[in-house]
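> Starting off with a structure, shown below.
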4 protein chains.
Amino acid sequence: MIIVMNTQATPEELQEVIDWVESQGFKTHVSKGEERAIVGVIGNDRPLDSAQVELMTGVERTMRILEPYKLAGLNVHPEPTLIPLNGLKVGGNQLTLIAGPCSVESREQILETAHAVKEAGATALRGGAFKPRSSPYSFQGMGLAGLELLAEAHQATGLPIVTEVMAPEQVSLVAQYAQVLQIGARNMQNFNLLKAVGQTKHPVLLKRGMMNTLEELLMSAEYILSCGNSSVMLCERGIRTFEKYTRNTFDVNAIPALKARTHLPVIADPSHGTGHWEYVGPVSLAAVAAGADGLIIEVHPKPEEALSDGLQSLKTERFAELIPKLRAVADAVGRKL
Amino acid sequence: MIIVMNTQATPEELQEVIDWVESQGFKTHVSKGEERAIVGVIGNDRPLDSAQVELMTGVERTMRILEPYKLAGLNVHPEPTLIPLNGLKVGGNQLTLIAGPCSVESREQILETAHAVKEAGATALRGGAFKPRSSPYSFQGMGLAGLELLAEAHQATGLPIVTEVMAPEQVSLVAQYAQVLQIGARNMQNFNLLKAVGQTKHPVLLKRGMMNTLEELLMSAEYILSCGNSSVMLCERGIRTFEKYTRNTFDVNAIPALKARTHLPVIADPSHGTGHWEYVGPVSLAAVAAGADGLIIEVHPKPEEALSDGLQSLKTERFAELIPKLRAVADAVGRKL
Amino acid sequence: MIIVMNTQATPEELQEVIDWVESQGFKTHVSKGEERAIVGVIGNDRPLDSAQVELMTGVERTMRILEPYKLAGLNVHPEPTLIPLNGLKVGGNQLTLIAGPCSVESREQILETAHAVKEAGATALRGGAFKPRSSPYSFQGMGLAGLELLAEAHQATGLPIVTEVMAPEQVSLVAQYAQVLQIGARNMQNFNLLKAVGQTKHPVLLKRGMMNTLEELLMSAEYILSCGNSSVMLCERGIRTFEKYTRNTFDVNAIPALKARTHLPVIADPSHGTGHWEYVGPVSLAAVAAGADGLIIEVHPKPEEALSDGLQSLKTERFAELIPKLRAVADAVGRKL
Amino acid sequence: MIIVMNTQATPEELQEVIDWVESQGFKTHVSKGEERAIVGVIGNDRPLDSAQVELMTGVERTMRILEPYKLAGLNVHPEPTLIPLNGLKVGGNQLTLIAGPCSVESREQILETAHAVKEAGATALRGGAFKPRSSPYSFQGMGLAGLELLAEAHQATGLPIVTEVMAPEQVSLVAQYAQVLQIGARNMQNFNLLKAVGQTKHPVLLKRGMMNTLEELLMSAEYILSCGNSSVMLCERGIRTFEKYTRNTFDVNAIPALKARTHLPVIADPSHGTGHWEYVGPVSLAAVAAGADGLIIEVHPKPEEALSDGLQSLKTERFAELIPKLRAVADAVGRKL
């Protein structure tokens, strides 16, 4: 940390700051400019509280030098994390392809979708049993019955199940039925839930909140990692902006910006990232070109009858048609599908 | 709902839309413009899924006519909701003043603050025992010990306690110690938690998420109301913008915009709304002038030693100095403090 | 400036950075931490280009110590700037009240409004002759004819005229008719226009862009000040956010945050700041309570016939009714109206 | 337009609305729901002012049916606009590649860059002579001398010149030296400037403002088109968000969302879109995969000495290395480079 004194700070105030910092077990290094002094704080095992320093008389502000995450960062873990899933490794050269409906709606719907996406080449099946909906009057998911149908689809196809868990007390239940636990965007900073999934051995698909920074996403991953679960996939699913032609703005920059900082795999969600099925294809291709490790795509046999997110769901045949295009772009950037 | 057909829609496509809407139990009313037809959907007991309609051939888009909330709205409940608290009524003519530290840190700290804010004129004491922190390495709150200290402060001063609850399974515990349950900004769309507090009889202070619209805030209140708990206070605490001189942007417009739509009381949080104690005074006065029903302000005896949010906490004496200014502005707009 | 070396930087790379910085005429001060070295750059007459430094091998990033504005800042000019206008001083204890229609539409409309707002207590008359409209098919203003009507209203009432100038080549024309030149939000970073008004002696009302930070606003003011025109009023008029119940989000924090940094007067525009006339009253009161030096309010005799911004315009009688409320809040915070 | 009456509206109020709308030359079509009436306005040659309607007694709100742009839309012009440039057609199957430094800095710099990007395969040379800078103390561009150097680079390489014009009175000067006129992001709604370039025959590269919607971008294009200049290239260059790891957020969704609405070519600017040269490669590939018609990339022989935007500029050799990767992705999506 760097402490910037203000231009009116007296030598006594400077000394008080130095004494206090040193009393906390750090060394200091003072640099006197023409207008103001700057105090470098040396010794980085644990953070000094910037607010405490900034409230001392004579201090103008502090500046952080180090990143706040550790386990999620490349310093500690320079090699990519590879997460085994259905025989491939998420984060490896081959792309992961998670597909399925927004919500489980019926036995027929989930089984039909599971078979279709498997045939098209999907790695895993997504489908929500517990649904976070902004209105209490919207369909809230099938709950336990939905989990059972997902388990049946897993049995029938062998595809691992990716499904959302919404509360700490649901974790053990969902973990019995699903192979990957999804944390939804609205729960990215539900810290009790992060701790709860951190205590399982299940891989976690952690979605970026719609107005969270990438650093906050990494800090939420850090919660899970620091509980002992090292299998975290980060998911970019679009952020909220003022743009109205799309539901969210897919942040394609996030892919290289995360890859430059973390060893965790990065999955793209072009369905939520755009909100319109017409744009899912182009943005899927873009995500692969930018270096994503995989995609999670909403697919529904009859989107016009979907109980949620129909507008952004691909029909199964359109999903199948997208695969060869994805493969071509993957080849172009040295990846496999 | 209004259904707008596209300019290429055939008469058959129009008829199919009409038939489908009527099959769902609605009446229709068709209006043919020069370029396109428009279908009015009549009968508003329950919503028609806009995505299902928009995916029909020939449909360009749909437009909602009615607000999505009911219990929170003025149509159903035109009179202000008044919530009894410490002898006054939140939402009535007299302003509610909730004050206290961000976190409970020690017996001495919370008791000293409680006595000071009571003497200055506070209605209730705030203080966090469970703290949502973006880093797992930051102070996470004292937990149960913190709740016990809050209960002691309540005993000592008579001030009701406002404290955050972070997970459904914590609700019954926190409800034993606190008079008002706070839902933090990051949990505004933690729907399981909303349902859990909706099943208590405790008043709930519901904070607007930093990325959420006012309509989403009202929908989250609707979750609580629809579970049978009608004592909800809405709290504007600033939204995330690109501005860097302040931690958040306090949305003062939210006060009249909410008052025009809901009967629920609106509380302003200028501490989080600005992030800097120097701006808490001016923004508190602004909130009262704009019609807020109360304030929640972070106060700490020694902000420079606070374990969280020290930068935005007022010293107890500065809080006391603010009260007569608040009273003057309250008088100017016909309210009492 | 502080230069943070990365953890892999070699002593040679460090030395190269030092040599380069010193070759630019600065002194350096090196501080070696446990993980990395930090170079303080001393001598602040002119800025060092951060990008140039950050691209040197071994450099992780740079951090700015000083604010980028000078003339607009309190260091150079600690006393408030007072701008004479119609017998009072903008920025002084008495509040400035600018009122009038969005656009000049007819002789009758502007004269009626001018007399009404004068009688209610306005300091100056606003009205647009050149209108920036997002659509080329919307009313673009009356142009020169509008300026002539404004001049007539000035003659008739004595109220100084505040009107927008949209292009450098319009400045001398508009300056013949108006006492205050307004720079609209969309032109806040039209640097050629800023330079053009900077070369006049007219006071300038500089509106914050809907997407701009306060620092950018101060830098745009700096453009005008650095051309020799020291009479700049800053205007907070709301920023674009994701909120849909209001046209913009009035940033009330901006008032104390600007006051903490600049000597220039701060004027609030609750009409654009909210976009709805129903909210103009509460937000006007809030702005005064927060310390604004004045208000600019859209007033129209018949908003339902206005050619622009009718929704956010107060009727003349509603404007007159607002004045005593504003006066009461002004009194409460020690200001006059 | 649809007019939604409120639930309390009387039959007389409804009739007044109908009468007024018809007095403006429109037909009406009334639809009475269970709670409220809705008035369809028929006849779309010119827009009805929504604010005027919304201020009538009994009206709750209005909803627009038609898009506000015409010439930019696919209804009027369903085929892609192709703009000839250096022997290829911007908007056609072959991708356009515009490259060069942020600013012209010296004869050597611009000539070296021009030769290098030509050799690598660029279609056109970019370079700023007039630079919009947020600080008056930053390098403002070489002005006329810069234009002369660009003309020399054009002579030497045959590459057409793309350069920014900042004010209406500069247009004729810049048009003498440049083949394509660039409107910068900060000037996207400088309507006088849009009209000025609309009166030339030069192709215009119109950059999206950093906080503007796509609809506003189309409306700004409409200004140029409506002045008679039909050669407009839209440029997505990133929008401002709260994300801090990148300078802007490149909106990849904009590419398919614009293609679905307009016939104008869409060019991607990954340099401003990310702000970091390390991310320019991945985001360039993404833009091509998503369907962009071309790229504009900042390239500099020595970014560490650039007077502006060095951090986001590719070295000439890195630019050359990117070309085969771009070509591979272009091939994968059926385009050529």
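Just remember, in the structure tokens the first chain shown is A, the second B, etc., residues are 1-based per chain, and ligands are 1-based in the order shown.
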Tell me as number ranges by chain which residues belonging to chain C come within 9 Å of chain B, counting only C-alpha atoms.
C: 211-215, 239-246, 248-257, 260, 273-274, 278-279, 281-291, 325-333
> Given identical sequences, can you show me chain C least-squares superposed on chain B via all its Cα atoms in order, as a CSV table (one decimal) with C-alpha atoms, in the first residue's frame?

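Now in out.csv:
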```
chain,number,residue,atom,x,y,z
C,1,MET,CA,-50.7,-6.4,-23.0
C,2,ILE,CA,-50.5,-5.1,-26.5
C,3,ILE,CA,-49.3,-7.3,-29.3
C,4,VAL,CA,-47.7,-5.6,-32.2
C,5,MET,CA,-47.7,-7.6,-35.4
C,6,ASN,CA,-44.9,-7.0,-37.9
C,7,THR,CA,-45.5,-5.4,-41.3
C,8,GLN,CA,-45.3,-8.7,-43.2
C,9,ALA,CA,-47.7,-10.6,-40.9
C,10,THR,CA,-50.4,-12.4,-42.9
C,11,PRO,CA,-54.0,-12.5,-41.9
C,12,GLU,CA,-53.6,-16.2,-41.0
C,13,GLU,CA,-50.7,-15.4,-38.6
C,14,LEU,CA,-52.8,-12.7,-37.0
C,15,GLN,CA,-55.7,-15.1,-36.6
C,16,GLU,CA,-53.4,-17.7,-35.0
C,17,VAL,CA,-52.2,-15.1,-32.5
C,18,ILE,CA,-55.8,-14.2,-31.7
C,19,ASP,CA,-56.8,-17.8,-31.3
C,20,TRP,CA,-53.9,-18.6,-29.0
C,21,VAL,CA,-54.5,-15.6,-26.8
C,22,GLU,CA,-58.2,-16.5,-26.5
C,23,SER,CA,-57.3,-20.1,-25.8
C,24,GLN,CA,-55.5,-18.8,-22.7
C,25,GLY,CA,-58.7,-17.2,-21.4
C,26,PHE,CA,-58.3,-13.6,-22.6
C,27,LYS,CA,-60.4,-11.5,-24.9
C,28,THR,CA,-58.8,-9.7,-27.8
C,29,HIS,CA,-59.4,-6.4,-29.5
C,30,VAL,CA,-57.8,-5.9,-32.9
C,31,SER,CA,-56.7,-2.6,-34.3
C,32,LYS,CA,-55.5,-2.4,-37.9
C,33,GLY,CA,-53.1,0.4,-38.7
C,34,GLU,CA,-51.8,1.4,-42.1
C,35,GLU,CA,-48.7,-0.7,-41.7
C,36,ARG,CA,-49.5,-3.3,-39.2
C,37,ALA,CA,-52.1,-4.7,-36.9
C,38,ILE,CA,-52.2,-4.5,-33.1
C,39,VAL,CA,-53.9,-6.9,-30.8
C,40,GLY,CA,-55.1,-5.6,-27.4
C,41,VAL,CA,-55.3,-8.4,-24.8
C,42,ILE,CA,-58.1,-7.9,-22.3
C,43,GLY,CA,-58.4,-9.5,-18.9
C,44,ASN,CA,-55.7,-8.9,-16.5
C,45,ASP,CA,-56.0,-11.3,-13.6
C,46,ARG,CA,-52.8,-13.0,-14.5
C,47,PRO,CA,-50.0,-12.2,-16.9
C,48,LEU,CA,-49.6,-13.7,-20.3
C,49,ASP,CA,-46.0,-14.7,-21.0
C,50,SER,CA,-44.6,-12.1,-23.4
C,51,ALA,CA,-41.9,-14.3,-24.7
C,52,GLN,CA,-44.4,-17.0,-25.7
C,53,VAL,CA,-46.3,-14.4,-27.8
C,54,GLU,CA,-43.2,-12.8,-29.2
C,55,LEU,CA,-42.0,-16.1,-30.6
C,56,MET,CA,-45.2,-16.6,-32.7
C,57,THR,CA,-44.8,-16.0,-36.4
C,58,GLY,CA,-45.8,-12.5,-37.5
C,59,VAL,CA,-45.4,-11.0,-34.0
C,60,GLU,CA,-42.9,-8.1,-33.8
C,61,ARG,CA,-43.1,-7.4,-30.1
C,62,THR,CA,-45.4,-7.0,-27.1
C,63,MET,CA,-45.8,-4.2,-24.7
C,64,ARG,CA,-46.9,-4.4,-21.1
C,65,ILE,CA,-49.7,-2.1,-20.0
C,66,LEU,CA,-49.9,-2.9,-16.3
C,67,GLU,CA,-47.3,-2.7,-13.6
C,68,PRO,CA,-46.1,-6.1,-12.5
C,69,TYR,CA,-46.5,-5.5,-8.8
C,70,LYS,CA,-49.8,-5.5,-7.0
C,71,LEU,CA,-49.6,-5.6,-3.2
C,72,ALA,CA,-46.8,-3.0,-3.2
C,73,GLY,CA,-48.8,-0.6,-5.4
C,74,LEU,CA,-51.1,2.3,-4.7
C,75,ASN,CA,-54.0,0.8,-6.6
C,76,VAL,CA,-54.5,-1.9,-4.0
C,77,HIS,CA,-53.4,0.1,-1.0
C,78,PRO,CA,-53.7,3.9,-1.6
C,79,GLU,CA,-53.0,4.9,2.0
C,80,PRO,CA,-49.4,5.0,3.3
C,81,THR,CA,-48.3,1.9,5.3
C,82,LEU,CA,-47.4,2.9,8.8
C,83,ILE,CA,-45.0,0.6,10.7
C,84,PRO,CA,-44.9,1.0,14.5
C,85,LEU,CA,-41.4,1.4,15.8
C,86,ASN,CA,-40.3,2.6,19.2
C,87,GLY,CA,-43.5,4.5,19.8
C,88,LEU,CA,-43.6,6.3,16.4
C,89,LYS,CA,-44.9,5.2,13.1
C,90,VAL,CA,-42.4,4.7,10.2
C,91,GLY,CA,-44.0,6.3,7.2
C,92,GLY,CA,-45.9,8.9,9.2
C,93,ASN,CA,-45.3,12.6,9.6
C,94,GLN,CA,-42.4,12.1,12.0
C,95,LEU,CA,-39.1,11.0,10.5
C,96,THR,CA,-37.5,7.8,11.5
C,97,LEU,CA,-33.8,8.0,12.4
C,98,ILE,CA,-31.8,4.7,12.5
C,99,ALA,CA,-28.2,5.1,13.5
C,100,GLY,CA,-25.3,3.0,14.6
C,101,PRO,CA,-22.1,1.4,13.5
C,102,CYS,CA,-21.6,-0.7,10.4
C,103,SER,CA,-20.5,-3.7,12.4
C,104,VAL,CA,-20.8,-4.6,16.1
C,105,GLU,CA,-17.2,-4.8,17.1
C,106,SER,CA,-17.1,-4.9,20.9
C,107,ARG,CA,-19.4,-4.4,23.9
C,108,GLU,CA,-17.9,-1.0,24.7
C,109,GLN,CA,-18.3,0.2,21.1
C,110,ILE,CA,-21.9,-0.8,20.6
C,111,LEU,CA,-23.1,0.4,24.1
C,112,GLU,CA,-21.3,3.7,23.7
C,113,THR,CA,-22.8,4.2,20.3
C,114,ALA,CA,-26.3,3.2,21.4
C,115,HIS,CA,-26.3,5.7,24.2
C,116,ALA,CA,-24.9,8.5,22.0
C,117,VAL,CA,-27.4,8.0,19.2
C,118,LYS,CA,-30.2,7.7,21.6
C,119,GLU,CA,-29.3,10.9,23.3
C,120,ALA,CA,-29.0,12.6,19.9
C,121,GLY,CA,-32.5,11.5,19.0
C,122,ALA,CA,-32.3,8.3,17.1
C,123,THR,CA,-35.4,6.1,16.8
C,124,ALA,CA,-33.5,2.8,16.4
C,125,LEU,CA,-30.0,1.3,16.6
C,126,ARG,CA,-28.3,-0.3,13.6
C,127,GLY,CA,-25.4,-2.7,13.8
C,128,GLY,CA,-24.2,-5.7,11.8
C,129,ALA,CA,-23.5,-9.0,13.4
C,130,PHE,CA,-23.4,-11.0,10.1
C,131,LYS,CA,-21.5,-8.9,7.5
C,132,PRO,CA,-21.5,-9.5,3.7
C,133,ARG,CA,-18.0,-8.7,2.6
C,134,SER,CA,-16.6,-9.0,-1.0
C,135,SER,CA,-13.4,-10.5,0.3
C,136,PRO,CA,-13.3,-13.7,2.4
C,137,TYR,CA,-10.3,-12.2,4.1
C,138,SER,CA,-12.2,-9.2,5.5
C,139,PHE,CA,-13.9,-9.1,8.9
C,140,GLN,CA,-17.1,-11.2,8.6
C,141,GLY,CA,-18.9,-9.9,11.7
C,142,MET,CA,-19.1,-11.2,15.3
C,143,GLY,CA,-22.0,-13.4,14.5
C,144,LEU,CA,-24.0,-14.7,17.5
C,145,ALA,CA,-21.9,-12.8,19.9
C,146,GLY,CA,-22.7,-9.6,18.0
C,147,LEU,CA,-26.4,-10.4,18.3
C,148,GLU,CA,-26.1,-10.8,22.0
C,149,LEU,CA,-24.4,-7.4,22.3
C,150,LEU,CA,-27.1,-5.8,20.3
C,151,ALA,CA,-29.7,-7.3,22.6
C,152,GLU,CA,-27.8,-5.8,25.5
C,153,ALA,CA,-27.8,-2.4,23.8
C,154,HIS,CA,-31.5,-2.8,23.3
C,155,GLN,CA,-32.0,-3.6,27.0
C,156,ALA,CA,-29.8,-0.6,28.0
C,157,THR,CA,-31.4,2.0,25.8
C,158,GLY,CA,-34.7,0.8,24.7
C,159,LEU,CA,-33.8,1.4,21.1
C,160,PRO,CA,-35.1,-1.3,18.7
C,161,ILE,CA,-32.4,-3.2,16.8
C,162,VAL,CA,-32.0,-3.2,13.0
C,163,THR,CA,-29.6,-5.8,11.8
C,164,GLU,CA,-28.9,-7.8,8.7
C,165,VAL,CA,-29.9,-11.3,8.0
C,166,MET,CA,-27.9,-13.0,5.3
C,167,ALA,CA,-29.4,-16.5,4.8
C,168,PRO,CA,-32.8,-18.2,5.2
C,169,GLU,CA,-31.5,-20.4,8.0
C,170,GLN,CA,-30.4,-17.4,10.0
C,171,VAL,CA,-33.8,-15.8,10.0
C,172,SER,CA,-35.2,-17.4,13.2
C,173,LEU,CA,-32.0,-16.8,15.1
C,174,VAL,CA,-31.8,-13.1,14.1
C,175,ALA,CA,-35.5,-12.6,14.8
C,176,GLN,CA,-34.9,-13.5,18.4
C,177,TYR,CA,-32.5,-10.7,18.9
C,178,ALA,CA,-33.6,-7.9,16.5
C,179,GLN,CA,-36.8,-5.9,16.1
C,180,VAL,CA,-36.2,-5.1,12.4
C,181,LEU,CA,-34.6,-7.5,9.9
C,182,GLN,CA,-32.4,-5.9,7.3
C,183,ILE,CA,-32.0,-7.4,3.8
C,184,GLY,CA,-28.7,-6.1,2.4
C,185,ALA,CA,-28.2,-4.7,-1.1
C,186,ARG,CA,-26.4,-7.8,-2.4
C,187,ASN,CA,-29.4,-9.9,-1.2
C,188,MET,CA,-32.2,-7.8,-2.7
C,189,GLN,CA,-32.8,-10.6,-5.2
C,190,ASN,CA,-32.0,-13.5,-2.9
C,191,PHE,CA,-35.5,-14.8,-3.3
C,192,ASN,CA,-35.3,-17.6,-0.7
C,193,LEU,CA,-34.3,-15.1,1.9
C,194,LEU,CA,-37.1,-12.8,0.9
C,195,LYS,CA,-39.6,-15.6,1.4
C,196,ALA,CA,-38.0,-16.5,4.7
C,197,VAL,CA,-38.4,-13.0,6.1
C,198,GLY,CA,-41.9,-12.8,4.5
C,199,GLN,CA,-42.9,-15.6,6.9
C,200,THR,CA,-42.0,-13.6,10.0
C,201,LYS,CA,-44.0,-10.8,11.6
C,202,HIS,CA,-40.9,-8.6,11.9
C,203,PRO,CA,-40.7,-5.3,10.0
C,204,VAL,CA,-38.2,-5.7,7.2
C,205,LEU,CA,-35.8,-3.0,5.9
C,206,LEU,CA,-35.2,-3.9,2.3
C,207,LYS,CA,-32.2,-2.3,0.7
C,208,ARG,CA,-32.1,-1.6,-3.1
C,209,GLY,CA,-29.4,-3.6,-4.8
C,210,MET,CA,-26.7,-1.5,-6.2
C,211,MET,CA,-27.5,-2.6,-9.7
C,212,ASN,CA,-31.3,-2.8,-9.4
C,213,THR,CA,-34.1,-0.7,-10.8
C,214,LEU,CA,-36.9,0.6,-8.6
C,215,GLU,CA,-39.3,-1.8,-10.3
C,216,GLU,CA,-37.1,-4.7,-9.2
C,217,LEU,CA,-37.0,-3.3,-5.7
C,218,LEU,CA,-40.8,-3.2,-5.7
C,219,MET,CA,-40.9,-6.7,-7.0
C,220,SER,CA,-38.7,-7.9,-4.2
C,221,ALA,CA,-40.9,-6.1,-1.7
C,222,GLU,CA,-43.8,-7.9,-3.4
C,223,TYR,CA,-42.1,-11.2,-2.5
C,224,ILE,CA,-42.2,-10.3,1.2
C,225,LEU,CA,-45.7,-8.9,1.0
C,226,SER,CA,-47.1,-11.9,-0.8
C,227,CYS,CA,-45.8,-14.1,2.0
C,228,GLY,CA,-48.0,-12.3,4.4
C,229,ASN,CA,-45.6,-9.8,6.0
C,230,SER,CA,-46.9,-6.3,5.2
C,231,SER,CA,-44.2,-4.3,7.1
C,232,VAL,CA,-41.6,-3.5,4.5
C,233,MET,CA,-39.5,-0.4,4.5
C,234,LEU,CA,-37.7,0.3,1.2
C,235,CYS,CA,-34.2,1.7,1.5
C,236,GLU,CA,-32.4,3.7,-1.2
C,237,ARG,CA,-28.7,3.3,-0.6
C,238,GLY,CA,-27.1,4.4,-3.8
C,239,ILE,CA,-26.5,2.7,-7.1
C,240,ARG,CA,-23.3,1.8,-8.9
C,241,THR,CA,-22.4,4.3,-11.6
C,242,PHE,CA,-19.1,5.2,-13.4
C,243,GLU,CA,-18.6,8.1,-11.0
C,244,LYS,CA,-15.3,7.7,-9.0
C,245,TYR,CA,-15.4,10.5,-6.5
C,246,THR,CA,-18.1,8.7,-4.5
C,247,ARG,CA,-18.6,5.1,-3.6
C,248,ASN,CA,-22.1,4.9,-5.0
C,249,THR,CA,-24.5,7.4,-6.5
C,250,PHE,CA,-27.4,8.2,-4.1
C,251,ASP,CA,-30.5,8.2,-6.3
C,252,VAL,CA,-32.5,11.0,-4.8
C,253,ASN,CA,-35.0,10.7,-7.6
C,254,ALA,CA,-35.9,7.3,-6.2
C,255,ILE,CA,-37.7,9.0,-3.3
C,256,PRO,CA,-40.5,10.8,-5.2
C,257,ALA,CA,-40.5,8.1,-7.9
C,258,LEU,CA,-41.2,5.4,-5.2
C,259,LYS,CA,-43.7,7.6,-3.4
C,260,ALA,CA,-45.7,8.0,-6.7
C,261,ARG,CA,-46.0,4.2,-6.9
C,262,THR,CA,-46.1,2.6,-3.5
C,263,HIS,CA,-47.5,3.0,0.0
C,264,LEU,CA,-44.4,1.6,1.7
C,265,PRO,CA,-42.2,3.9,3.6
C,266,VAL,CA,-38.9,5.0,2.0
C,267,ILE,CA,-35.7,5.2,4.1
C,268,ALA,CA,-32.5,6.9,2.8
C,269,ASP,CA,-29.0,5.6,3.5
C,270,PRO,CA,-26.6,8.5,2.8
C,271,SER,CA,-23.7,6.6,4.3
C,272,HIS,CA,-23.6,3.9,1.6
C,273,GLY,CA,-25.2,6.3,-0.8
C,274,THR,CA,-22.0,8.5,-0.8
C,275,GLY,CA,-19.3,6.4,0.9
C,276,HIS,CA,-17.7,9.5,2.4
C,277,TRP,CA,-18.6,10.9,5.8
C,278,GLU,CA,-18.1,14.4,4.6
C,279,TYR,CA,-21.0,14.1,2.2
C,280,VAL,CA,-23.4,12.3,4.6
C,281,GLY,CA,-24.7,15.6,6.1
C,282,PRO,CA,-25.6,17.3,2.8
C,283,VAL,CA,-27.1,14.2,1.3
C,284,SER,CA,-29.1,13.5,4.5
C,285,LEU,CA,-30.6,16.9,4.3
C,286,ALA,CA,-31.3,16.4,0.6
C,287,ALA,CA,-33.1,13.1,1.3
C,288,VAL,CA,-35.3,14.7,3.9
C,289,ALA,CA,-36.1,17.6,1.6
C,290,ALA,CA,-37.1,15.2,-1.2
C,291,GLY,CA,-39.6,13.4,1.1
C,292,ALA,CA,-37.8,10.5,2.7
C,293,ASP,CA,-39.6,8.9,5.6
C,294,GLY,CA,-36.4,8.4,7.5
C,295,LEU,CA,-32.7,8.0,7.4
C,296,ILE,CA,-30.3,5.2,8.3
C,297,ILE,CA,-26.8,6.6,9.1
C,298,GLU,CA,-23.6,4.9,10.1
C,299,VAL,CA,-22.2,6.3,13.3
C,300,HIS,CA,-19.1,5.2,15.1
C,301,PRO,CA,-17.3,6.5,18.2
C,302,LYS,CA,-13.9,6.1,16.5
C,303,PRO,CA,-14.3,5.7,12.7
C,304,GLU,CA,-10.6,5.5,12.3
C,305,GLU,CA,-10.6,2.2,14.2
C,306,ALA,CA,-13.8,0.8,12.6
C,307,LEU,CA,-13.4,-2.7,11.2
C,308,SER,CA,-15.6,-1.8,8.3
C,309,ASP,CA,-17.0,1.3,6.6
C,310,GLY,CA,-15.0,3.7,8.7
C,311,LEU,CA,-14.7,6.2,5.8
C,312,GLN,CA,-18.4,6.7,5.6
C,313,SER,CA,-19.2,6.7,9.3
C,314,LEU,CA,-20.0,9.9,11.2
C,315,LYS,CA,-18.4,10.4,14.6
C,316,THR,CA,-21.0,10.5,17.4
C,317,GLU,CA,-20.6,14.2,17.9
C,318,ARG,CA,-20.9,15.0,14.2
C,319,PHE,CA,-24.1,12.9,14.2
C,320,ALA,CA,-25.4,14.9,17.1
C,321,GLU,CA,-24.5,18.2,15.3
C,322,LEU,CA,-26.4,17.0,12.3
C,323,ILE,CA,-29.7,16.6,14.1
C,324,PRO,CA,-30.7,20.3,14.4
C,325,LYS,CA,-30.0,20.8,10.7
C,326,LEU,CA,-32.1,17.8,9.8
C,327,ARG,CA,-34.9,19.2,12.1
C,328,ALA,CA,-34.8,22.5,10.3
C,329,VAL,CA,-35.1,21.0,6.9
C,330,ALA,CA,-37.8,18.6,8.2
C,331,ASP,CA,-39.8,21.6,9.4
C,332,ALA,CA,-39.3,23.4,6.1
C,333,VAL,CA,-41.0,20.5,4.3
C,334,GLY,CA,-43.7,20.0,6.9
C,335,ARG,CA,-42.3,16.9,8.7
C,336,LYS,CA,-41.1,16.4,12.2
C,337,LEU,CA,-38.0,15.0,13.8
```
> From a backbone DSSP assignment, name each residue in range 51-275 of chain D labelled strand (DSSP E), as a PyMOL selection string.
chain D and resi 59-63+83-85+88-90+96-100+124-126+161-164+180-183+204-207+232-236+266-268
> Please report, as number ranges by chain, each residue of range 49-262 of chain C to which DSSP assigns helix (DSSP H, G or I) when run on this structure's backbone.
C: 50-54, 107-120, 144-157, 168-177, 185-187, 191-198, 214-226, 254-259
